[in-house]
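As stored in model-v2.csv (CSV, C-alpha atoms and all ligand atoms):
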```csv
chain,number,residue,atom,x,y,z
P,3,MET,CA,-26.5,5.7,8.0
P,4,PRO,CA,-29.9,6.5,6.7
P,5,ALA,CA,-31.6,3.4,5.3
P,6,SER,CA,-32.9,3.6,1.7
P,7,PRO,CA,-34.2,0.8,-0.4
P,8,SER,CA,-30.8,0.4,-2.2
P,9,SER,CA,-28.7,0.8,0.9
P,10,PRO,CA,-26.5,-2.3,1.5
P,11,THR,CA,-26.7,-3.9,4.9
P,12,LEU,CA,-23.7,-2.7,6.9
P,13,ILE,CA,-22.4,-5.5,9.1
P,14,ARG,CA,-19.7,-5.2,11.8
P,15,THR,CA,-19.6,-8.7,13.3
P,16,VAL,CA,-18.7,-12.1,11.9
P,17,ALA,CA,-21.8,-13.7,13.5
P,18,GLU,CA,-24.1,-11.3,11.8
P,19,LEU,CA,-22.3,-11.7,8.5
P,20,ARG,CA,-22.6,-15.5,8.7
P,21,GLU,CA,-26.3,-15.2,9.4
P,22,GLN,CA,-26.9,-12.9,6.4
P,23,VAL,CA,-24.8,-14.9,3.9
P,24,HIS,CA,-26.3,-18.2,5.2
P,25,ALA,CA,-29.8,-17.0,4.4
P,26,ALA,CA,-28.7,-15.9,0.9
P,27,ARG,CA,-27.1,-19.3,0.3
P,28,GLN,CA,-30.1,-21.2,1.6
P,29,ALA,CA,-32.1,-19.3,-0.9
P,30,GLY,CA,-29.8,-20.7,-3.6
P,31,ARG,CA,-28.0,-17.5,-4.3
P,32,ARG,CA,-24.4,-17.4,-5.7
P,33,ILE,CA,-22.2,-15.3,-3.4
P,34,GLY,CA,-19.4,-13.0,-4.7
P,35,CYS,CA,-16.9,-11.4,-2.4
P,36,VAL,CA,-14.9,-8.2,-3.1
P,37,PRO,CA,-12.2,-7.6,-0.4
P,38,THR,CA,-11.0,-4.0,0.0
P,39,MET,CA,-9.3,-1.7,2.4
P,40,GLY,CA,-11.9,1.0,1.6
P,41,ALA,CA,-11.4,4.6,0.4
P,42,LEU,CA,-13.1,3.2,-2.7
P,43,HIS,CA,-12.5,4.4,-6.2
P,44,ALA,CA,-13.6,3.2,-9.7
P,45,GLY,CA,-11.1,0.3,-9.6
P,46,HIS,CA,-12.8,-1.2,-6.5
P,47,LEU,CA,-16.2,-0.5,-8.0
P,48,SER,CA,-15.3,-2.3,-11.2
P,49,LEU,CA,-14.7,-5.4,-9.1
P,50,VAL,CA,-18.1,-5.0,-7.6
P,51,ALA,CA,-19.6,-4.8,-11.1
P,52,TYR,CA,-17.8,-8.0,-12.1
P,53,SER,CA,-19.2,-9.7,-9.1
P,54,GLN,CA,-22.7,-8.4,-9.7
P,55,ARG,CA,-22.5,-9.7,-13.3
P,56,GLU,CA,-21.5,-13.3,-12.1
P,57,CYS,CA,-23.2,-13.6,-8.7
P,58,ASP,CA,-26.6,-12.9,-7.1
P,59,VAL,CA,-25.3,-11.3,-3.9
P,60,THR,CA,-22.1,-9.3,-3.6
P,61,VAL,CA,-20.4,-8.9,-0.2
P,62,ALA,CA,-17.9,-6.0,-0.2
P,63,THR,CA,-15.5,-6.1,2.7
P,64,ILE,CA,-13.8,-3.0,4.0
P,65,PHE,CA,-11.0,-3.6,6.4
P,66,VAL,CA,-7.7,-1.8,6.8
P,67,ASN,CA,-5.8,-4.9,7.7
P,68,PRO,CA,-3.1,-4.2,10.3
P,69,THR,CA,-1.1,-7.4,9.7
P,70,GLN,CA,-0.1,-6.4,6.1
P,71,PHE,CA,1.5,-3.1,7.3
P,72,ALA,CA,5.0,-3.2,8.7
P,73,PRO,CA,5.9,-0.8,11.5
P,74,GLY,CA,6.6,2.6,10.0
P,75,GLU,CA,4.3,2.1,7.1
P,76,ASP,CA,1.1,4.1,6.6
P,77,LEU,CA,-1.4,2.0,8.7
P,78,GLU,CA,-2.5,5.1,10.8
P,79,LYS,CA,-2.7,7.5,8.0
P,80,TYR,CA,-4.3,5.1,5.5
P,81,PRO,CA,-7.5,6.9,4.3
P,82,ARG,CA,-10.7,5.7,6.1
P,83,GLU,CA,-14.0,6.9,4.5
P,84,LEU,CA,-16.6,4.4,5.6
P,85,GLU,CA,-19.6,6.6,5.2
P,86,SER,CA,-18.9,7.6,1.6
P,87,ASP,CA,-17.7,4.1,0.8
P,88,VAL,CA,-21.1,2.7,1.8
P,89,GLN,CA,-22.8,5.3,-0.4
P,90,LYS,CA,-20.6,4.2,-3.3
P,91,LEU,CA,-21.4,0.6,-2.7
P,92,ALA,CA,-25.2,1.5,-2.5
P,93,ALA,CA,-24.9,3.1,-5.9
P,94,ALA,CA,-23.0,0.0,-7.2
P,95,GLU,CA,-25.8,-2.2,-5.6
P,96,ALA,CA,-23.6,-4.3,-3.5
P,97,ALA,CA,-25.9,-6.1,-1.1
P,98,ILE,CA,-23.8,-6.5,2.0
P,99,VAL,CA,-20.9,-4.4,3.3
P,100,PHE,CA,-18.8,-6.1,6.0
P,101,ALA,CA,-16.6,-3.6,7.8
P,102,PRO,CA,-15.3,-5.2,11.0
P,103,GLU,CA,-13.2,-3.5,13.7
P,104,PRO,CA,-9.6,-4.9,14.0
P,105,ASP,CA,-10.5,-6.8,17.3
P,106,GLU,CA,-13.3,-8.6,15.5
P,107,VAL,CA,-10.8,-10.0,13.0
P,108,TYR,CA,-7.8,-10.3,15.3
P,109,PRO,CA,-8.8,-10.9,18.9
P,110,PRO,CA,-6.1,-10.3,21.5
P,111,ASP,CA,-4.9,-13.9,21.6
P,112,TYR,CA,-4.7,-14.2,17.8
P,113,CYS,CA,-1.6,-16.2,16.6
P,114,THR,CA,-2.3,-18.0,13.3
P,115,TYR,CA,-0.9,-16.9,10.0
P,116,VAL,CA,-1.1,-18.2,6.4
P,117,GLU,CA,2.0,-17.8,4.3
P,118,VAL,CA,2.7,-18.7,0.6
P,119,GLU,CA,6.3,-19.6,0.5
P,120,GLY,CA,8.7,-18.3,-2.1
P,121,LEU,CA,6.3,-16.2,-4.1
P,122,SER,CA,5.7,-14.0,-1.1
P,123,ARG,CA,9.4,-13.1,-0.9
P,124,VAL,CA,10.1,-11.8,-4.4
P,125,LEU,CA,9.5,-8.3,-5.8
P,126,GLU,CA,7.1,-6.7,-3.4
P,127,GLY,CA,8.2,-9.2,-0.8
P,128,GLU,CA,11.8,-8.0,-1.0
P,129,HIS,CA,10.7,-4.5,-0.1
P,130,ARG,CA,7.8,-5.5,2.3
P,131,PRO,CA,8.9,-8.8,3.8
P,132,THR,CA,5.9,-9.3,6.1
P,133,HIS,CA,3.3,-7.8,3.8
P,134,PHE,CA,2.0,-10.9,1.9
P,135,ARG,CA,1.7,-13.0,5.1
P,136,GLY,CA,-0.8,-10.4,6.3
P,137,VAL,CA,-2.6,-10.3,3.0
P,138,THR,CA,-3.0,-14.1,2.7
P,139,THR,CA,-4.0,-14.4,6.3
P,140,VAL,CA,-6.7,-11.9,6.1
P,141,VAL,CA,-8.0,-13.2,2.7
P,142,ALA,CA,-8.1,-16.7,4.1
P,143,LYS,CA,-10.0,-15.5,7.1
P,144,LEU,CA,-12.4,-13.5,4.8
P,145,PHE,CA,-13.0,-16.6,2.7
P,146,ASN,CA,-13.9,-18.5,5.8
P,147,MET,CA,-16.1,-15.8,7.1
P,148,VAL,CA,-18.0,-15.1,3.9
P,149,LEU,CA,-17.8,-18.6,2.3
P,150,PRO,CA,-18.1,-17.0,-1.2
P,151,ASP,CA,-18.5,-18.9,-4.4
P,152,ALA,CA,-16.2,-16.4,-6.2
P,153,ALA,CA,-13.9,-13.6,-5.1
P,154,TYR,CA,-12.8,-10.6,-7.1
P,155,PHE,CA,-9.3,-9.1,-7.1
P,156,GLY,CA,-7.6,-6.5,-9.2
P,157,GLN,CA,-4.7,-7.1,-11.6
P,158,LYS,CA,-3.3,-3.8,-10.2
P,159,ASP,CA,-1.9,-5.9,-7.3
P,160,TYR,CA,-0.6,-8.6,-9.7
P,161,GLN,CA,1.6,-10.4,-7.3
P,162,GLN,CA,-1.1,-10.4,-4.6
P,163,ALA,CA,-3.5,-12.0,-7.1
P,164,VAL,CA,-1.0,-14.7,-8.0
P,165,LEU,CA,-0.4,-15.4,-4.3
P,166,ILE,CA,-4.1,-15.6,-3.6
P,167,ARG,CA,-4.7,-18.0,-6.5
P,168,ARG,CA,-1.9,-20.2,-5.2
P,169,MET,CA,-3.2,-20.1,-1.6
P,170,ALA,CA,-6.8,-20.9,-2.7
P,171,ALA,CA,-5.5,-23.9,-4.7
P,172,ASP,CA,-3.0,-25.1,-2.0
P,173,LEU,CA,-5.5,-24.9,0.8
P,174,ASN,CA,-8.5,-26.2,-1.2
P,175,PHE,CA,-10.7,-23.2,-0.7
P,176,PRO,CA,-13.8,-23.8,-2.8
P,177,VAL,CA,-13.6,-20.2,-4.2
P,178,GLU,CA,-13.2,-19.1,-7.8
P,179,VAL,CA,-10.5,-16.4,-7.7
P,180,ARG,CA,-11.2,-13.9,-10.4
P,181,VAL,CA,-8.6,-11.3,-11.5
P,182,CYS,CA,-10.0,-8.1,-13.1
P,183,PRO,CA,-8.3,-5.5,-15.3
P,184,ILE,CA,-6.6,-2.4,-13.9
P,185,VAL,CA,-8.7,0.8,-13.9
P,186,ARG,CA,-6.6,3.9,-14.7
P,187,GLU,CA,-7.0,7.7,-14.6
P,188,PRO,CA,-7.3,9.3,-18.0
P,189,ASP,CA,-3.6,10.2,-17.8
P,190,GLY,CA,-2.6,6.6,-17.2
P,191,LEU,CA,-2.0,6.5,-13.5
P,192,ALA,CA,-3.4,3.3,-12.0
P,193,MET,CA,-6.2,4.2,-9.5
P,194,SER,CA,-5.1,3.6,-5.9
P,195,SER,CA,-6.4,4.7,-2.5
P,196,ARG,CA,-2.8,5.9,-1.9
P,197,ASN,CA,-2.9,8.3,-4.8
P,198,VAL,CA,-4.3,10.9,-2.3
P,199,TYR,CA,-0.8,11.1,-0.9
P,200,LEU,CA,0.5,12.6,-4.2
P,201,LYS,CA,1.0,16.3,-4.3
P,202,GLN,CA,-0.1,18.0,-7.6
P,203,GLU,CA,3.5,18.7,-8.6
P,204,GLU,CA,4.4,15.0,-8.1
P,205,ARG,CA,1.9,13.8,-10.7
P,206,PRO,CA,4.4,13.8,-13.7
P,207,GLN,CA,6.7,11.7,-11.4
P,208,ALA,CA,3.9,9.3,-10.6
P,209,LEU,CA,3.2,8.9,-14.4
P,210,THR,CA,6.6,7.4,-14.9
P,211,LEU,CA,5.2,4.0,-13.8
P,212,SER,CA,2.5,3.7,-16.5
P,213,ARG,CA,4.7,5.4,-19.1
P,214,SER,CA,7.4,2.9,-18.6
P,215,LEU,CA,4.9,0.1,-19.0
P,216,GLN,CA,3.6,1.7,-22.1
P,217,THR,CA,7.1,1.8,-23.5
P,218,ALA,CA,7.5,-1.9,-22.8
P,219,VAL,CA,4.2,-2.7,-24.6
P,220,GLN,CA,5.2,-0.6,-27.5
P,221,ARG,CA,8.6,-2.2,-27.9
P,222,PHE,CA,7.1,-5.6,-27.6
P,223,ALA,CA,4.5,-4.7,-30.3
P,224,GLU,CA,7.3,-3.5,-32.5
P,225,GLY,CA,8.9,-7.0,-32.3
P,226,GLU,CA,11.6,-6.6,-29.5
P,227,ARG,CA,11.9,-9.8,-27.6
P,228,ASP,CA,15.1,-9.2,-25.6
P,229,ALA,CA,14.2,-8.4,-22.0
P,230,GLN,CA,17.4,-6.4,-21.3
P,231,ASN,CA,16.7,-4.1,-24.2
P,232,ILE,CA,13.1,-3.5,-23.1
P,233,LEU,CA,14.2,-3.0,-19.4
P,234,ALA,CA,16.8,-0.4,-20.5
P,235,GLU,CA,14.1,1.6,-22.2
P,236,MET,CA,11.8,1.3,-19.2
P,237,GLN,CA,14.5,2.5,-16.9
P,238,ALA,CA,15.2,5.4,-19.3
P,239,VAL,CA,11.7,6.7,-18.5
P,240,PHE,CA,12.6,6.9,-14.8
P,241,SER,CA,16.0,8.5,-15.4
P,242,GLU,CA,14.1,11.7,-16.5
P,243,PHE,CA,12.9,12.0,-12.9
P,244,PRO,CA,15.7,11.4,-10.4
P,245,GLN,CA,13.2,12.3,-7.6
P,246,VAL,CA,11.4,9.0,-8.2
P,247,ASP,CA,12.8,6.3,-5.9
P,248,LEU,CA,12.5,3.3,-8.2
P,249,ASN,CA,12.2,0.1,-6.2
P,250,TYR,CA,12.2,-2.3,-9.1
P,251,VAL,CA,11.3,-2.7,-12.8
P,252,THR,CA,11.2,-6.2,-14.1
P,253,LEU,CA,9.9,-8.5,-16.9
P,254,ALA,CA,8.7,-11.7,-15.3
P,255,ASP,CA,6.9,-14.9,-16.1
P,256,PRO,CA,3.2,-14.7,-15.2
P,257,ASN,CA,3.0,-17.5,-12.6
P,258,ARG,CA,6.3,-17.8,-10.8
P,259,LEU,CA,7.3,-14.1,-11.2
P,260,GLN,CA,10.8,-14.9,-12.1
P,261,GLN,CA,12.7,-12.5,-14.3
P,262,VAL,CA,12.9,-13.7,-17.9
P,263,SER,CA,15.6,-13.0,-20.6
P,264,ARG,CA,13.3,-13.4,-23.6
P,265,VAL,CA,9.7,-12.0,-23.5
P,266,ASP,CA,6.5,-13.2,-25.0
P,267,GLU,CA,2.9,-11.9,-24.9
P,268,ASN,CA,2.3,-13.4,-21.5
P,269,THR,CA,5.3,-11.8,-19.9
P,270,ILE,CA,4.3,-9.3,-17.1
P,271,ALA,CA,6.1,-6.0,-16.8
P,272,LEU,CA,6.0,-4.9,-13.1
P,273,VAL,CA,7.2,-1.6,-11.6
P,274,ALA,CA,7.3,-0.2,-8.1
P,275,ALA,CA,8.5,3.2,-7.0
P,276,ARG,CA,8.2,5.7,-4.2
P,277,VAL,CA,6.9,9.2,-5.3
P,278,GLY,CA,6.9,11.6,-2.4
P,279,ALA,CA,4.8,10.0,0.4
P,280,ALA,CA,3.2,7.4,-1.9
P,281,ARG,CA,4.6,4.0,-2.7
P,282,LEU,CA,3.1,3.1,-6.1
P,283,ILE,CA,3.0,-0.2,-8.0
P,284,ASP,CA,1.8,-1.0,-11.6
P,285,ASN,CA,2.0,-3.7,-14.2
P,286,THR,CA,0.9,-4.9,-17.5
P,287,ARG,CA,0.9,-8.1,-19.6
P,288,LEU,CA,3.0,-7.3,-22.7
P,289,GLY,CA,0.4,-8.8,-25.0
P,290,ASP,CA,-2.4,-6.5,-23.6
P,291,GLY,CA,-2.1,-3.4,-25.7
P,292,MET,CA,-2.2,-0.1,-23.7
P,293,GLU,CA,-4.2,2.7,-25.3
P,294,PRO,CA,-2.4,6.0,-25.5
P,295,PHE,CA,-3.1,8.0,-22.3
P,296,ALA,CA,-4.7,11.4,-22.4
P,297,ASN,CA,-2.1,14.2,-22.5
P,298,THR,CA,-2.3,16.3,-19.4
P,299,ALA,CA,-0.9,19.8,-19.1
P,300,PRO,CA,2.4,19.8,-17.3
P,301,VAL,CA,2.1,21.2,-13.7
T,1,LIG,P1,-7.1,-2.3,-1.8
T,1,LIG,O1,-8.3,-1.6,-1.2
T,1,LIG,O2,-6.1,-1.4,-2.3
T,1,LIG,O3,-6.6,-3.4,-0.9
T,1,LIG,O4,-7.7,-3.0,-3.1
T,1,LIG,C1,-8.8,-3.9,-3.0
T,1,LIG,C2,-8.9,-4.6,-4.3
T,1,LIG,O5,-9.1,-3.7,-5.4
T,1,LIG,C3,-7.6,-5.4,-4.7
T,1,LIG,O6,-8.0,-6.6,-5.3
T,1,LIG,C4,-7.0,-4.5,-5.7
T,1,LIG,O7,-6.1,-5.2,-6.6
T,1,LIG,C5,-8.1,-3.9,-6.4
T,1,LIG,N1,-7.8,-2.6,-7.0
T,1,LIG,C6,-7.1,-1.6,-6.5
T,1,LIG,N2,-6.8,-0.7,-7.4
T,1,LIG,C7,-7.4,-1.1,-8.6
T,1,LIG,C8,-7.4,-0.6,-9.9
T,1,LIG,N3,-6.9,0.6,-10.2
T,1,LIG,N4,-8.1,-1.3,-10.8
T,1,LIG,C9,-8.6,-2.5,-10.5
T,1,LIG,N5,-8.6,-3.1,-9.3
T,1,LIG,C10,-8.0,-2.4,-8.3
```

Now that the file is in, can you turn its structure into structure tokens?
Amino acid sequence: MPASPSSPTLIRTVAELREQVHAARQAGRRIGCVPTMGALHAGHLSLVAYSQRECDVTVATIFVNPTQFAPGEDLEKYPRELESDVQKLAAAEAAIVFAPEPDEVYPPDYCTYVEVEGLSRVLEGEHRPTHFRGVTTVVAKLFNMVLPDAAYFGQKDYQQAVLIRRMAADLNFPVEVRVCPIVREPDGLAMSSRNVYLKQEERPQALTLSRSLQTAVQRFAEGERDAQNILAEMQAVFSEFPQVDLNYVTLADPNRLQQVSRVDENTIALVAARVGAARLIDNTRLGDGMEPFANTAPV
């Protein structure tokens, strides 16, 4: 990687990371951490921007974490773009990029896991039973490696953010967990590294997720408070596209993620569906209005 004045330091080992972060902390700097799996898009970079605003040094981590993928999921084909990721992070002025190899994070005799009970088994956890154990384990490890003052996560992965907040509180991590808004494409699709799996003709199918959320927000704004009525209208959006394999659509309370029968502005609408090779998730708080999405020509 050619060095330039704004190039972040690319670090591959925990020892070197500790050295760099220690020096920054000794100098009295506030450390922000942005954990990612790479293939960076504007959603990830918005987290870096939040960290930059609140911290002196941002450590962006890039690690495709094997323990959060089940056998048969997309671990091998998950996009890996380290070189262009580092360039994007340079432009975003992140100071340190930590991109360890799997063995650096999970040596061969590794056998310790962190699991948030209950919450990790609902919604995404029903469809991906081992997923969150991998997520909370790697985030706990990254917290211990980086020792950040604050860590930045996206609302895009709402359940993940709730779990990480819970884990940080339960295990007394001295880290402020910040959850930042979802960044969308102009047509409403939530940005995701997995969107590259979508074929062009699958785009209208992929937009069912954000359209169903928009329907929920609209019905709430019009005064509807009965969850079943709102859910029926959300499901109607999916019934236009039988090719979409809907995993769940739910209206849940924001902390325990249990389905509610009456909604309020804090209720979270969550959806998950498989569209072609991509498994997509999306959500919104009902009280957060959603701007109309740009109309795109049908493909
Ligand atoms: P990932 O690389 O998919 O593991 O995501 C890394 C972080 O970026 C997580 O905290 C995600 O919630 C967040 N993120 C992913 N997509 C978006 C998005 N569209 N808007 C905001 N944050 C996002």

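With all atoms listed in the file as the atoms that count, the minimum distance from ligand LIG 1 (chain T) to the choices P:Asn146, P:Thr114, P:Thr210, P:Thr138 is reached by P:Thr138.
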
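Residue nearest Arg196 in chain P within the list P:Asp58, P:Asp228, P:Asp76, P:Glu21: P:Asp76 [criterion: smallest interatomic distance, only C-alpha atoms].
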
Worksheet item: Hey, which of P:Val116, P:Ala208, P:Ala163, P:Ala238 ends up closest to ligand LIG 1 (chain T)? Count all atoms listed in the file.
Response: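 Of the candidates, the smallest distance to ligand LIG 1 (chain T) is held by P:Ala163.
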
Discussion item. So that I can check the surroundings of Leu49 in chain P, please list as JSON, numbers by chain every protein, DNA and RNA residue that reaches within 12 Å of it, counting all atoms listed in the file and ignoring chain neighbours fewer than 4 positions away.
Written reply: {"P": [34, 35, 36, 37, 38, 42, 43, 44, 45, 53, 54, 55, 56, 57, 60, 61, 62, 63, 91, 94, 96, 152, 153, 154, 155, 156, 157, 158, 179, 180, 181, 182, 183, 184, 185]}

Fill in: Pairwise distance for CA of Val246 in chain P and CA of Arg205 in chain P, rounded to one decimal in Å
10.9 Å

Discussion item. Considering all atoms listed in the file, can you say which of P:Thr69, P:Ser86, P:Gln28, P:Gln245 comes closest to Gly136 in chain P?
Written reply: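 Using all atoms listed in the file, Gly136 in chain P sits closest to P:Thr69.
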
Mind dumping a table of every range 72-132 of chain P residue within 12 Å of range 277-284 of chain P, with the nearest atom pair and its distance in Å to one decimal, using only C-alpha atoms, sorted by chain and rising number, as a Markdown table?
```
| residue | atom | partner | partner_atom | distance |
| --- | --- | --- | --- | --- |
| P:Glu75 | CA | P:Arg281 | CA | 10.0 |
| P:Asp76 | CA | P:Ala279 | CA | 9.3 |
| P:Lys79 | CA | P:Ala279 | CA | 11.0 |
| P:Tyr80 | CA | P:Ala280 | CA | 10.8 |
| P:Leu125 | CA | P:Ile283 | CA | 10.6 |
| P:Glu126 | CA | P:Ile283 | CA | 9.0 |
| P:His129 | CA | P:Arg281 | CA | 10.8 |
| P:Arg130 | CA | P:Arg281 | CA | 11.2 |
```

Worksheet entry | Nearest candidate to Ser263 in chain P (options P:Glu226, P:Pro110, P:Arg276, P:Glu293; using all atoms listed in the file) |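 Of the candidates, the smallest distance to Ser263 in chain P is held by P:Glu226.
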
Discussion item. What does the structure give for the distance between CA of Thr286 in chain P and CA of Val219 in chain P, in Å to one decimal?
Written reply: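 It comes out at 8.1 Å.
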
Fill in: Option closest in space to His24 in chain P, from P:Met147, P:Asp111, P:Leu84, P:Val50 [counting all atoms listed in the file]
P:Met147

Fill in: CA of Asp159 in chain P to CA of Ala142 in chain P, straight-line distance in Å
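Interatomic distance here is 16.9 Å.
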
Discussion item. As number ranges by chain, please: the residues near Gly40 in chain P (cut-off 7 Å, only C-alpha atoms, same-chain neighbours under 3 positions excluded).
Written reply: P: 64-65, 82-83, 87

Interface rows for range 118-214 of chain P against range 254-261 of chain P: nearest pair, Å to one decimal, 8 Å, all atoms listed in the file, as a Markdown table:
```
| residue | atom | partner | partner_atom | distance |
| --- | --- | --- | --- | --- |
| P:Leu121 | CA | P:Arg258 | CA | 6.9 |
| P:Val124 | CA | P:Leu259 | CA | 7.7 |
| P:Gln161 | CA | P:Leu259 | CA | 7.8 |
| P:Val164 | CA | P:Asn257 | CA | 6.7 |
```

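Proximity to Ala17 in chain P at 12 Å, evaluated using only C-alpha atoms and with sequence-adjacent residues fewer than 4 positions away removed, yields Ile13, Glu21, Gln22, Val23, His24, Phe100, Pro102, Glu106, Val107, Met147 and Val148 of chain P.
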
So that I can check the surroundings of Ser212 in chain P, please list as a CSV table (one decimal) with C-alpha atoms, in the coordinates of the input every protein, DNA and RNA residue that reaches within 12 Å of it, counting all atoms listed in the file and ignoring chain neighbours fewer than 5 positions away.
```csv
chain,number,residue,atom,x,y,z
P,158,LYS,CA,-3.3,-3.8,-10.2
P,184,ILE,CA,-6.6,-2.4,-13.9
P,185,VAL,CA,-8.7,0.8,-13.9
P,186,ARG,CA,-6.6,3.9,-14.7
P,187,GLU,CA,-7.0,7.7,-14.6
P,188,PRO,CA,-7.3,9.3,-18.0
P,189,ASP,CA,-3.6,10.2,-17.8
P,190,GLY,CA,-2.6,6.6,-17.2
P,191,LEU,CA,-2.0,6.5,-13.5
P,192,ALA,CA,-3.4,3.3,-12.0
P,193,MET,CA,-6.2,4.2,-9.5
P,205,ARG,CA,1.9,13.8,-10.7
P,206,PRO,CA,4.4,13.8,-13.7
P,207,GLN,CA,6.7,11.7,-11.4
P,217,THR,CA,7.1,1.8,-23.5
P,218,ALA,CA,7.5,-1.9,-22.8
P,219,VAL,CA,4.2,-2.7,-24.6
P,236,MET,CA,11.8,1.3,-19.2
P,239,VAL,CA,11.7,6.7,-18.5
P,240,PHE,CA,12.6,6.9,-14.8
P,251,VAL,CA,11.3,-2.7,-12.8
P,271,ALA,CA,6.1,-6.0,-16.8
P,272,LEU,CA,6.0,-4.9,-13.1
P,273,VAL,CA,7.2,-1.6,-11.6
P,274,ALA,CA,7.3,-0.2,-8.1
P,275,ALA,CA,8.5,3.2,-7.0
P,282,LEU,CA,3.1,3.1,-6.1
P,283,ILE,CA,3.0,-0.2,-8.0
P,284,ASP,CA,1.8,-1.0,-11.6
P,285,ASN,CA,2.0,-3.7,-14.2
P,286,THR,CA,0.9,-4.9,-17.5
P,292,MET,CA,-2.2,-0.1,-23.7
P,293,GLU,CA,-4.2,2.7,-25.3
P,294,PRO,CA,-2.4,6.0,-25.5
P,295,PHE,CA,-3.1,8.0,-22.3
```

Just add all heavy atoms to range 28-33 of chain P and send it as an mmCIF file, in the coordinates of the input.
```cif
data_model
loop_
_atom_site.group_PDB
_atom_site.id
_atom_site.type_symbol
_atom_site.label_atom_id
_atom_site.label_comp_id
_atom_site.auth_asym_id
_atom_site.auth_seq_id
_atom_site.Cartn_x
_atom_site.Cartn_y
_atom_site.Cartn_z
ATOM 1 N N GLN P 28 -28.913 -20.290 1.487
ATOM 2 C CA GLN P 28 -30.100 -21.200 1.600
ATOM 3 C C GLN P 28 -31.096 -20.915 0.518
ATOM 4 O O GLN P 28 -31.787 -21.817 0.071
ATOM 5 C CB GLN P 28 -30.749 -21.016 2.989
ATOM 6 C CG GLN P 28 -29.959 -21.533 4.154
ATOM 7 C CD GLN P 28 -29.812 -23.051 4.129
ATOM 8 O OE1 GLN P 28 -28.814 -23.573 3.647
ATOM 9 N NE2 GLN P 28 -30.823 -23.757 4.627
ATOM 10 N N ALA P 29 -31.165 -19.644 0.120
ATOM 11 C CA ALA P 29 -32.100 -19.300 -0.900
ATOM 12 C C ALA P 29 -31.546 -19.572 -2.319
ATOM 13 O O ALA P 29 -32.114 -19.176 -3.336
ATOM 14 C CB ALA P 29 -32.454 -17.781 -0.810
ATOM 15 N N GLY P 30 -30.389 -20.258 -2.355
ATOM 16 C CA GLY P 30 -29.800 -20.700 -3.600
ATOM 17 C C GLY P 30 -29.036 -19.629 -4.361
ATOM 18 O O GLY P 30 -28.748 -19.764 -5.549
ATOM 19 N N ARG P 31 -28.668 -18.559 -3.647
ATOM 20 C CA ARG P 31 -28.000 -17.500 -4.300
ATOM 21 C C ARG P 31 -26.462 -17.727 -4.407
ATOM 22 O O ARG P 31 -25.870 -18.296 -3.494
ATOM 23 C CB ARG P 31 -28.196 -16.164 -3.537
ATOM 24 C CG ARG P 31 -29.657 -15.820 -3.397
ATOM 25 C CD ARG P 31 -29.883 -14.366 -3.752
ATOM 26 N NE ARG P 31 -31.279 -14.107 -3.956
ATOM 27 C CZ ARG P 31 -32.066 -13.511 -3.047
ATOM 28 N NH1 ARG P 31 -31.556 -13.129 -1.903
ATOM 29 N NH2 ARG P 31 -33.329 -13.307 -3.317
ATOM 30 N N ARG P 32 -25.878 -17.271 -5.516
ATOM 31 C CA ARG P 32 -24.400 -17.400 -5.700
ATOM 32 C C ARG P 32 -23.804 -16.117 -5.024
ATOM 33 O O ARG P 32 -24.224 -14.982 -5.292
ATOM 34 C CB ARG P 32 -24.106 -17.414 -7.176
ATOM 35 C CG ARG P 32 -22.636 -17.505 -7.516
ATOM 36 C CD ARG P 32 -22.468 -17.656 -9.034
ATOM 37 N NE ARG P 32 -21.118 -17.360 -9.458
ATOM 38 C CZ ARG P 32 -20.109 -18.240 -9.434
ATOM 39 N NH1 ARG P 32 -20.326 -19.468 -9.026
ATOM 40 N NH2 ARG P 32 -18.905 -17.882 -9.819
ATOM 41 N N ILE P 33 -22.780 -16.343 -4.199
ATOM 42 C CA ILE P 33 -22.200 -15.300 -3.400
ATOM 43 C C ILE P 33 -20.860 -14.835 -3.976
ATOM 44 O O ILE P 33 -19.962 -15.656 -4.159
ATOM 45 C CB ILE P 33 -21.964 -15.714 -1.924
ATOM 46 C CG1 ILE P 33 -23.145 -16.502 -1.350
ATOM 47 C CG2 ILE P 33 -21.577 -14.523 -1.039
ATOM 48 C CD1 ILE P 33 -24.398 -15.743 -1.142
#
```
